[in-house]
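S.K.: Here you go, this is query19.cif (mmCIF, C-alpha atoms and all ligand atoms).
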```cif
data_start
loop_
_atom_site.group_PDB
_atom_site.id
_atom_site.type_symbol
_atom_site.label_atom_id
_atom_site.label_comp_id
_atom_site.auth_asym_id
_atom_site.auth_seq_id
_atom_site.Cartn_x
_atom_site.Cartn_y
_atom_site.Cartn_z
ATOM 1 C CA MET M 951 -16.560 -2.796 -68.347
ATOM 2 C CA SER M 952 -19.812 -2.778 -66.410
ATOM 3 C CA ASP M 953 -20.270 -0.733 -63.247
ATOM 4 C CA LEU M 954 -19.931 -3.912 -61.209
ATOM 5 C CA GLN M 955 -16.492 -4.490 -62.661
ATOM 6 C CA GLN M 956 -15.198 -0.994 -61.846
ATOM 7 C CA PRO M 957 -12.491 -0.962 -59.116
ATOM 8 C CA VAL M 958 -13.692 0.456 -55.819
ATOM 9 C CA PHE M 959 -11.418 2.583 -53.620
ATOM 10 C CA LEU M 960 -12.163 3.319 -49.978
ATOM 11 C CA GLU M 961 -10.596 6.323 -48.302
ATOM 12 C CA VAL M 962 -9.916 4.576 -45.031
ATOM 13 C CA LEU M 963 -7.809 7.270 -43.402
ATOM 14 C CA ALA M 964 -9.921 10.278 -44.353
ATOM 15 C CA GLY M 965 -10.745 12.758 -41.613
ATOM 16 C CA PRO M 966 -9.091 13.337 -38.252
ATOM 17 C CA PRO M 967 -7.341 10.357 -36.686
ATOM 18 C CA ALA M 968 -9.606 8.210 -34.559
ATOM 19 C CA GLN M 969 -9.013 8.437 -30.834
ATOM 20 C CA PHE M 970 -9.642 5.607 -28.443
ATOM 21 C CA ALA M 971 -9.771 5.996 -24.730
ATOM 22 C CA THR M 972 -10.632 3.381 -22.148
ATOM 23 C CA SER M 973 -10.350 5.652 -19.143
ATOM 24 C CA THR M 974 -9.887 9.252 -18.141
ATOM 25 C CA PRO M 975 -6.215 10.279 -18.382
ATOM 26 C CA THR M 976 -4.635 10.572 -14.964
ATOM 27 C CA PRO M 977 -1.753 12.833 -13.949
ATOM 28 C CA PRO M 978 1.720 11.303 -13.792
ATOM 29 C CA ILE M 979 2.501 9.401 -10.606
ATOM 30 C CA ALA M 980 4.933 11.283 -8.407
ATOM 31 C CA PHE M 981 6.679 10.531 -5.141
ATOM 32 C CA ASP M 982 7.323 13.221 -2.587
ATOM 33 C CA GLY M 983 9.620 13.682 0.395
ATOM 34 C CA PRO M 984 13.350 14.379 0.317
ATOM 35 C CA GLN M 985 15.396 13.147 -2.615
ATOM 36 C CA ARG M 986 17.927 11.312 -0.454
ATOM 37 C CA TYR M 987 18.375 9.968 3.053
ATOM 38 C CA SER M 988 21.089 11.357 5.276
ATOM 39 C CA ASP M 989 24.473 9.649 5.056
ATOM 40 C CA GLU M 990 23.956 8.179 8.517
ATOM 41 C CA LEU M 991 20.566 6.702 7.689
ATOM 42 C CA THR M 992 21.772 5.487 4.296
ATOM 43 C CA SER M 993 24.639 3.672 5.984
ATOM 44 C CA ARG M 994 22.336 1.900 8.446
ATOM 45 C CA LEU M 995 19.817 0.984 5.763
ATOM 46 C CA ALA M 996 22.548 -0.207 3.377
ATOM 47 C CA ALA M 997 23.733 -2.729 5.965
ATOM 48 C CA GLU M 998 20.196 -4.057 6.386
ATOM 49 C CA ALA M 999 19.667 -4.041 2.614
ATOM 50 C CA ALA M 1000 22.861 -6.064 2.104
ATOM 51 C CA ASP M 1001 21.501 -8.687 4.500
ATOM 52 C CA ILE M 1002 18.263 -8.885 2.519
ATOM 53 C CA ILE M 1003 19.931 -8.858 -0.909
ATOM 54 C CA GLY M 1004 22.209 -11.714 0.140
ATOM 55 C CA ARG M 1005 19.186 -13.999 0.398
ATOM 56 C CA TYR M 1006 18.534 -13.888 -3.337
ATOM 57 C CA PRO M 1007 20.513 -15.290 -6.288
ATOM 58 C CA GLN M 1008 19.878 -12.056 -8.187
ATOM 59 C CA SER M 1009 19.980 -8.764 -6.351
ATOM 60 C CA ARG M 1010 16.985 -7.282 -8.174
ATOM 61 C CA SER M 1011 14.807 -10.024 -6.664
ATOM 62 C CA ALA M 1012 15.189 -8.190 -3.349
ATOM 63 C CA LEU M 1013 13.234 -5.184 -4.553
ATOM 64 C CA LEU M 1014 9.964 -6.064 -2.806
ATOM 65 C CA PRO M 1015 11.501 -6.460 0.679
ATOM 66 C CA LEU M 1016 13.643 -3.365 0.123
ATOM 67 C CA LEU M 1017 10.513 -1.368 -0.619
ATOM 68 C CA HIS M 1018 9.090 -2.594 2.682
ATOM 69 C CA LEU M 1019 12.355 -1.578 4.352
ATOM 70 C CA VAL M 1020 12.128 2.010 3.126
ATOM 71 C CA GLN M 1021 8.411 2.051 3.901
ATOM 72 C CA SER M 1022 9.337 1.184 7.493
ATOM 73 C CA VAL M 1023 11.436 4.345 7.604
ATOM 74 C CA ASP M 1024 9.015 6.839 6.131
ATOM 75 C CA GLY M 1025 5.626 5.162 6.541
ATOM 76 C CA TYR M 1026 5.243 5.350 2.775
ATOM 77 C CA ILE M 1027 7.366 5.249 -0.356
ATOM 78 C CA THR M 1028 9.214 8.517 -0.771
ATOM 79 C CA ARG M 1029 11.646 9.793 -3.399
ATOM 80 C CA ALA M 1030 14.474 8.982 -1.017
ATOM 81 C CA GLY M 1031 13.167 5.439 -0.678
ATOM 82 C CA VAL M 1032 12.974 4.966 -4.446
ATOM 83 C CA THR M 1033 16.473 6.393 -4.888
ATOM 84 C CA PHE M 1034 17.853 4.159 -2.151
ATOM 85 C CA CYS M 1035 16.344 0.973 -3.624
ATOM 86 C CA ALA M 1036 17.570 1.871 -7.117
ATOM 87 C CA GLU M 1037 21.117 2.471 -5.907
ATOM 88 C CA GLN M 1038 21.265 -0.699 -3.815
ATOM 89 C CA LEU M 1039 19.999 -2.900 -6.626
ATOM 90 C CA GLY M 1040 21.525 -1.284 -9.702
ATOM 91 C CA LEU M 1041 18.103 -0.404 -11.077
ATOM 92 C CA THR M 1042 16.756 2.838 -12.470
ATOM 93 C CA ALA M 1043 14.392 4.932 -10.399
ATOM 94 C CA ALA M 1044 11.762 4.265 -13.070
ATOM 95 C CA GLN M 1045 12.108 0.509 -12.618
ATOM 96 C CA VAL M 1046 11.700 0.844 -8.863
ATOM 97 C CA ALA M 1047 8.769 3.216 -9.254
ATOM 98 C CA SER M 1048 7.002 0.875 -11.660
ATOM 99 C CA VAL M 1049 7.026 -1.880 -9.046
ATOM 100 C CA ALA M 1050 6.185 0.426 -6.142
ATOM 101 C CA THR M 1051 3.122 1.715 -7.987
ATOM 102 C CA PHE M 1052 1.918 -1.731 -9.056
ATOM 103 C CA TYR M 1053 1.412 -3.246 -5.606
ATOM 104 C CA SER M 1054 -1.141 -1.654 -3.317
ATOM 105 C CA MET M 1055 0.800 -2.534 -0.144
ATOM 106 C CA TYR M 1056 3.264 0.209 -1.028
ATOM 107 C CA ARG M 1057 1.713 3.502 -0.095
ATOM 108 C CA ARG M 1058 2.381 6.901 -1.616
ATOM 109 C CA GLU M 1059 0.973 9.030 1.171
ATOM 110 C CA PRO M 1060 2.021 9.212 4.811
ATOM 111 C CA THR M 1061 0.316 6.431 6.758
ATOM 112 C CA GLY M 1062 -1.041 6.425 10.266
ATOM 113 C CA GLU M 1063 0.298 4.150 12.964
ATOM 114 C CA TYR M 1064 -2.537 1.785 12.117
ATOM 115 C CA LEU M 1065 -3.786 1.209 8.581
ATOM 116 C CA ILE M 1066 -7.348 -0.063 8.732
ATOM 117 C CA GLY M 1067 -8.452 -1.715 5.512
ATOM 118 C CA VAL M 1068 -12.179 -2.224 5.102
ATOM 119 C CA CYS M 1069 -13.303 -4.730 2.486
ATOM 120 C CA THR M 1070 -16.483 -3.993 0.550
ATOM 121 C CA ASN M 1071 -16.089 -6.667 -2.069
ATOM 122 C CA THR M 1072 -18.921 -9.073 -2.808
ATOM 123 C CA LEU M 1073 -19.341 -11.157 0.328
ATOM 124 C CA CYS M 1074 -18.284 -8.430 2.729
ATOM 125 C CA ALA M 1075 -20.654 -6.038 0.955
ATOM 126 C CA VAL M 1076 -23.562 -8.439 1.325
ATOM 127 C CA LEU M 1077 -22.791 -8.820 5.027
ATOM 128 C CA GLY M 1078 -22.310 -5.127 5.816
ATOM 129 C CA GLY M 1079 -18.878 -4.007 4.607
ATOM 130 C CA ASP M 1080 -20.212 -0.775 3.118
ATOM 131 C CA GLU M 1081 -21.900 0.129 6.395
ATOM 132 C CA ILE M 1082 -18.653 -0.529 8.261
ATOM 133 C CA LEU M 1083 -16.685 1.717 5.919
ATOM 134 C CA ALA M 1084 -19.297 4.477 6.099
ATOM 135 C CA SER M 1085 -19.597 4.424 9.887
ATOM 136 C CA LEU M 1086 -15.848 4.226 10.444
ATOM 137 C CA THR M 1087 -14.991 7.118 8.149
ATOM 138 C CA GLU M 1088 -17.798 9.219 9.588
ATOM 139 C CA HIS M 1089 -16.735 8.449 13.152
ATOM 140 C CA LEU M 1090 -13.080 9.266 12.452
ATOM 141 C CA GLY M 1091 -13.886 12.277 10.261
ATOM 142 C CA VAL M 1092 -11.841 11.095 7.287
ATOM 143 C CA GLU M 1093 -12.526 10.064 3.733
ATOM 144 C CA PRO M 1094 -11.371 6.611 2.571
ATOM 145 C CA GLY M 1095 -7.613 6.937 2.166
ATOM 146 C CA GLY M 1096 -7.422 9.648 4.792
ATOM 147 C CA THR M 1097 -5.552 9.791 8.081
ATOM 148 C CA THR M 1098 -6.845 11.142 11.381
ATOM 149 C CA ALA M 1099 -5.375 14.430 12.553
ATOM 150 C CA ASP M 1100 -3.558 12.673 15.410
ATOM 151 C CA GLY M 1101 -1.755 10.473 12.882
ATOM 152 C CA ARG M 1102 -2.974 7.282 14.525
ATOM 153 C CA ILE M 1103 -5.390 5.845 11.957
ATOM 154 C CA THR M 1104 -5.497 5.656 8.185
ATOM 155 C CA VAL M 1105 -8.654 4.156 6.704
ATOM 156 C CA GLU M 1106 -8.345 2.381 3.399
ATOM 157 C CA HIS M 1107 -11.103 1.047 1.156
ATOM 158 C CA VAL M 1108 -9.808 -2.307 -0.030
ATOM 159 C CA GLU M 1109 -10.851 -5.052 -2.367
ATOM 160 C CA CYS M 1110 -11.163 -8.642 -1.209
ATOM 161 C CA ASN M 1111 -8.952 -9.405 1.790
ATOM 162 C CA ALA M 1112 -8.975 -13.092 0.796
ATOM 163 C CA ALA M 1113 -10.833 -13.907 3.991
ATOM 164 C CA CYS M 1114 -14.378 -14.084 2.664
ATOM 165 C CA ASP M 1115 -15.387 -16.929 4.983
ATOM 166 C CA PHE M 1116 -15.018 -14.517 7.911
ATOM 167 C CA ALA M 1117 -16.800 -11.598 6.243
ATOM 168 C CA PRO M 1118 -17.141 -8.756 6.868
ATOM 169 C CA VAL M 1119 -13.417 -8.529 7.421
ATOM 170 C CA VAL M 1120 -11.313 -5.567 8.476
ATOM 171 C CA MET M 1121 -7.539 -5.650 8.371
ATOM 172 C CA VAL M 1122 -5.248 -3.597 10.577
ATOM 173 C CA ASN M 1123 -1.698 -3.446 9.285
ATOM 174 C CA TRP M 1124 -2.667 -6.559 7.285
ATOM 175 C CA GLU M 1125 -3.733 -8.571 10.322
ATOM 176 C CA PHE M 1126 -7.267 -9.999 10.253
ATOM 177 C CA TYR M 1127 -10.171 -8.839 12.369
ATOM 178 C CA ASP M 1128 -13.046 -11.124 11.444
ATOM 179 C CA ASN M 1129 -16.829 -10.883 11.475
ATOM 180 C CA GLN M 1130 -16.934 -7.155 12.056
ATOM 181 C CA THR M 1131 -19.892 -4.840 12.490
ATOM 182 C CA PRO M 1132 -20.011 -1.042 12.326
ATOM 183 C CA THR M 1133 -19.929 -0.972 16.122
ATOM 184 C CA SER M 1134 -17.063 -3.434 16.575
ATOM 185 C CA ALA M 1135 -14.957 -1.736 13.892
ATOM 186 C CA THR M 1136 -15.470 1.658 15.514
ATOM 187 C CA GLU M 1137 -14.542 0.227 18.918
ATOM 188 C CA LEU M 1138 -11.435 -1.322 17.362
ATOM 189 C CA ALA M 1139 -10.408 2.053 15.962
ATOM 190 C CA GLU M 1140 -11.014 3.754 19.305
ATOM 191 C CA ASP M 1141 -8.905 1.149 21.103
ATOM 192 C CA LEU M 1142 -6.080 1.757 18.637
ATOM 193 C CA ARG M 1143 -6.298 5.502 19.134
ATOM 194 C CA ALA M 1144 -6.135 4.959 22.881
ATOM 195 C CA GLY M 1145 -2.942 2.944 22.542
ATOM 196 C CA ILE M 1146 -4.623 -0.440 22.988
ATOM 197 C CA ALA M 1147 -3.858 -2.964 20.240
ATOM 198 C CA PRO M 1148 -6.414 -5.792 20.409
ATOM 199 C CA PRO M 1149 -4.969 -9.121 19.213
ATOM 200 C CA PRO M 1150 -5.930 -10.130 15.674
ATOM 201 C CA SER M 1151 -8.607 -12.784 15.203
ATOM 202 C CA ARG M 1152 -6.071 -15.320 13.951
ATOM 203 C CA GLY M 1153 -2.479 -15.640 12.874
ATOM 204 C CA SER M 1154 -0.259 -13.345 14.868
ATOM 205 C CA THR M 1155 -1.163 -12.891 18.520
ATOM 206 C CA THR M 1156 0.029 -9.302 18.567
ATOM 207 C CA LEU M 1157 -0.505 -6.250 16.417
ATOM 208 C CA CYS M 1158 2.494 -4.157 15.382
ATOM 209 C CA SER M 1159 2.537 -0.556 14.243
ATOM 210 C CA PHE M 1160 2.500 0.079 10.497
ATOM 211 C CA ARG M 1161 6.237 0.770 10.359
ATOM 212 C CA GLN M 1162 7.108 -2.214 12.524
ATOM 213 C CA THR M 1163 4.981 -4.381 10.251
ATOM 214 C CA ALA M 1164 6.858 -3.028 7.242
ATOM 215 C CA ARG M 1165 10.135 -4.100 8.855
ATOM 216 C CA LEU M 1166 8.760 -7.587 9.418
ATOM 217 C CA LEU M 1167 7.637 -7.745 5.790
ATOM 218 C CA ALA M 1168 11.162 -6.757 4.798
ATOM 219 C CA GLY M 1169 12.331 -9.854 6.644
ATOM 220 C CA LEU M 1170 14.008 -7.947 9.467
ATOM 221 C CA PRO M 1171 13.591 -8.205 13.226
ATOM 222 C CA PRO M 1172 11.509 -5.525 14.917
ATOM 223 C CA ALA M 1173 13.252 -2.286 15.767
ATOM 224 C CA THR M 1174 14.056 -2.034 19.427
ATOM 225 C CA SER M 1175 14.445 1.644 20.149
ATOM 226 C CA SER M 1176 11.148 3.063 18.970
ATOM 227 C CA ASP M 1177 7.666 1.922 18.195
ATOM 228 C CA ASP M 1178 7.616 3.266 14.669
ATOM 229 C CA GLY M 1179 9.813 0.736 12.971
ATOM 230 C CA SER M 1180 12.770 3.051 12.593
ATOM 231 C CA ALA M 1181 15.853 1.458 14.035
ATOM 232 C CA PRO M 1182 18.309 3.874 15.630
ATOM 233 C CA ALA M 1183 20.144 5.962 13.038
HETATM 234 S S1 LIG N 1201 -15.104 -10.221 0.037
HETATM 235 FE FE1 LIG N 1201 -14.251 -9.352 1.823
HETATM 236 S S2 LIG N 1201 -12.601 -10.673 2.310
HETATM 237 FE FE2 LIG N 1201 -13.357 -11.447 0.420
#
```
Would you mind writing the file's structure down as structure tokens?
Ligand code: FES

M.R.:
Amino acid sequence: MSDLQQPVFLEVLAGPPAQFATSTPTPPIAFDGPQRYSDELTSRLAAEAADIIGRYPQSRSALLPLLHLVQSVDGYITRAGVTFCAEQLGLTAAQVASVATFYSMYRREPTGEYLIGVCTNTLCAVLGGDEILASLTEHLGVEPGGTTADGRITVEHVECNAACDFAPVVMVNWEFYDNQTPTSATELAEDLRAGIAPPPSRGSTTLCSFRQTARLLAGLPPATSSDDGSAPA
């Protein structure tokens, strides 16, 4: 047998196992806040949840509006909110958490009365979105994602607001404010801090607080007894 006819063996798995990483590992996602709502609050929310759940052929389909409902209570998704949704829908907390962490409209930190989202995606960036974000955060003294000390404003760095034809666009509680500049965005924030809510550029004629908006997104009427979206307990 010539050398060319000798069998050849390759030691494919020799050495330490190969490791592949596409990104830096991140710590596990956690929710904070109390584990459960009070009995009184649970009772009120359960009645509203039943109304929402009844609109769907399968109860689990109501998870997205229920997450908005609990976000209207806390201003973000807390452990109590996750527990409540899981119990109302017969889901595990992990199933609820997996949805709550997938969609960026569900927040995991306390949110100001007004959530200002500044787009710096392609068209907004070309037309000044980065300058708007920089001037707004500097003026308010917060980093992107941060909330002012008075609890009025949270600034969020967002991807495309799907309103590129009106770039640069800023959203407040998901209402559009078109064709912004660093100056106009700062004035908008100052108005909001002063208790003035300028009407959005289009769509709704009024601007609700973050918690009120969450109630509307849950498909419920605005709360009547407070301006924070929490109906009376
Ligand atoms: S790039 Fe800003 S809204 Fe689309």

S.K.: Give me the residues of chain M that have any atom at most 10 Å from an atom of ligand LIG 1201 (chain N); for each, the nearest atom pair and the distance in Å, rounded to one decimal. Use all atoms listed in the file, sort by chain and number, and format it as a Markdown table.

M.R.:
```
| residue | atom | partner | partner_atom | distance |
| --- | --- | --- | --- | --- |
| M:Val1068 | CA | N:LIG1201 | FE1 | 8.1 |
| M:Cys1069 | CA | N:LIG1201 | FE1 | 4.8 |
| M:Thr1070 | CA | N:LIG1201 | FE1 | 5.9 |
| M:Asn1071 | CA | N:LIG1201 | S1 | 4.2 |
| M:Thr1072 | CA | N:LIG1201 | S1 | 4.9 |
| M:Leu1073 | CA | N:LIG1201 | S1 | 4.3 |
| M:Cys1074 | CA | N:LIG1201 | FE1 | 4.2 |
| M:Ala1075 | CA | N:LIG1201 | S1 | 7.0 |
| M:Val1076 | CA | N:LIG1201 | S1 | 8.7 |
| M:Leu1077 | CA | N:LIG1201 | FE1 | 9.1 |
| M:Gly1078 | CA | N:LIG1201 | FE1 | 9.9 |
| M:Gly1079 | CA | N:LIG1201 | FE1 | 7.6 |
| M:Val1108 | CA | N:LIG1201 | FE1 | 8.5 |
| M:Glu1109 | CA | N:LIG1201 | FE1 | 6.9 |
| M:Cys1110 | CA | N:LIG1201 | FE2 | 3.9 |
| M:Asn1111 | CA | N:LIG1201 | S2 | 3.9 |
| M:Ala1112 | CA | N:LIG1201 | S2 | 4.6 |
| M:Ala1113 | CA | N:LIG1201 | S2 | 4.1 |
| M:Cys1114 | CA | N:LIG1201 | FE2 | 3.6 |
| M:Asp1115 | CA | N:LIG1201 | S2 | 7.4 |
| M:Phe1116 | CA | N:LIG1201 | S2 | 7.2 |
| M:Ala1117 | CA | N:LIG1201 | FE1 | 5.6 |
| M:Pro1118 | CA | N:LIG1201 | FE1 | 5.8 |
| M:Val1119 | CA | N:LIG1201 | S2 | 5.6 |
| M:Val1120 | CA | N:LIG1201 | S2 | 8.1 |
| M:Met1121 | CA | N:LIG1201 | S2 | 9.4 |
| M:Phe1126 | CA | N:LIG1201 | S2 | 9.6 |
| M:Asp1128 | CA | N:LIG1201 | S2 | 9.2 |
```

S.K.: Would you tabulate, counting all atoms listed in the file, all residues of segment 1030-1125 of chain M that have an atom at most 8 Å from an atom of segment 1152-1168 of chain M, showing the closest pair of atoms and their distance in Å to one decimal, sorted by chain then ascending number, as JSON lines?

M.R.:
```
{"residue": "M:Thr1061", "atom": "CA", "partner": "M:Phe1160", "partner_atom": "CA", "distance": 7.7}
{"residue": "M:Gly1062", "atom": "CA", "partner": "M:Phe1160", "partner_atom": "CA", "distance": 7.3}
{"residue": "M:Glu1063", "atom": "CA", "partner": "M:Phe1160", "partner_atom": "CA", "distance": 5.2}
{"residue": "M:Tyr1064", "atom": "CA", "partner": "M:Phe1160", "partner_atom": "CA", "distance": 5.6}
{"residue": "M:Leu1065", "atom": "CA", "partner": "M:Phe1160", "partner_atom": "CA", "distance": 6.7}
{"residue": "M:Val1122", "atom": "CA", "partner": "M:Leu1157", "partner_atom": "CA", "distance": 8.0}
{"residue": "M:Asn1123", "atom": "CA", "partner": "M:Phe1160", "partner_atom": "CA", "distance": 5.6}
{"residue": "M:Glu1125", "atom": "CA", "partner": "M:Leu1157", "partner_atom": "CA", "distance": 7.3}
```

S.K.: So, with only C-alpha atoms as the atoms that count, which of M:Ala1173, M:Val1023, M:Leu1016, M:Ile1103 lies closest to Leu1086 of chain M?

M.R.: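 Going through M:Ala1173, M:Val1023, M:Leu1016, M:Ile1103 one by one, the smallest distance to Leu1086 of chain M is for M:Ile1103.
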
S.K.: May I ask which of the residues M:Ile1003, M:Ile1082, M:Val1092, M:Ala980 is the closest one to Glu1059 of chain M, counting all atoms listed in the file?

M.R.: M:Ala980

S.K.: Considering all atoms listed in the file, can you say which of M:Tyr1053, M:Tyr1127, M:Tyr987, M:Tyr1006 comes closest to Cys1035 of chain M?

M.R.: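 Among the listed residues, M:Tyr987 lies closest to Cys1035 of chain M.
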
S.K.: So which one's closest to Ala1036 of chain M, M:Ser1085, M:Ser1009, M:Ser973, M:Gln1130? Using only C-alpha atoms, please.

M.R.: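 The answer is M:Ser1009, which sits nearest to Ala1036 of chain M.
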
S.K.: Apply the PyMOL selection byres (((chain M and resi 1001) around 12) and not hetatm) to the structure shown and report the selected residues as a VMD selection string.

M.R.: chain M and resid 994 to 1000 1002 to 1006 1009 1012 1015 to 1016 1019 1038 1168 to 1171

S.K.: Atom CA of Ala1030 of chain M and atom CA of Gln985 of chain M, how far apart in Å?

M.R.: 4.6 Å

S.K.: Quick one: of M:Gly1067, M:Gly1095, M:Pro1007, M:Pro978, who's nearest to Ala1047 of chain M, counting only C-alpha atoms?

M.R.: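 Of M:Gly1067, M:Gly1095, M:Pro1007, M:Pro978, the one nearest Ala1047 of chain M is M:Pro978, counting only C-alpha atoms.
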
S.K.: Considering all atoms listed in the file, can you say which of M:Glu1137, M:Glu1088, M:Asp982, M:Glu1106 comes closest to Met1055 of chain M?

M.R.: M:Glu1106

S.K.: How many Å lie between atom CA of Glu1037 of chain M and atom CA of Ser1054 of chain M, rounded to one decimal?

M.R.: 22.8 Å

S.K.: Please compute the atom CA of Val1046 of chain M-atom CA of Gly1101 of chain M distance, one decimal, in Å.

M.R.: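 Taking atom CA of Val1046 of chain M and atom CA of Gly1101 of chain M, their separation equals 27.3 Å.
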
S.K.: For segment 1098-1109 of chain M, what centre and edge lengths in Å (one decimal) does the axis-aligned box get once 3 Å is added on each side of all its listed atoms, as JSON?

M.R.:
```
{"center_x": -6.4, "center_y": 4.7, "center_z": 6.5, "size_x": 15.3, "size_y": 25.5, "size_z": 23.8}
```
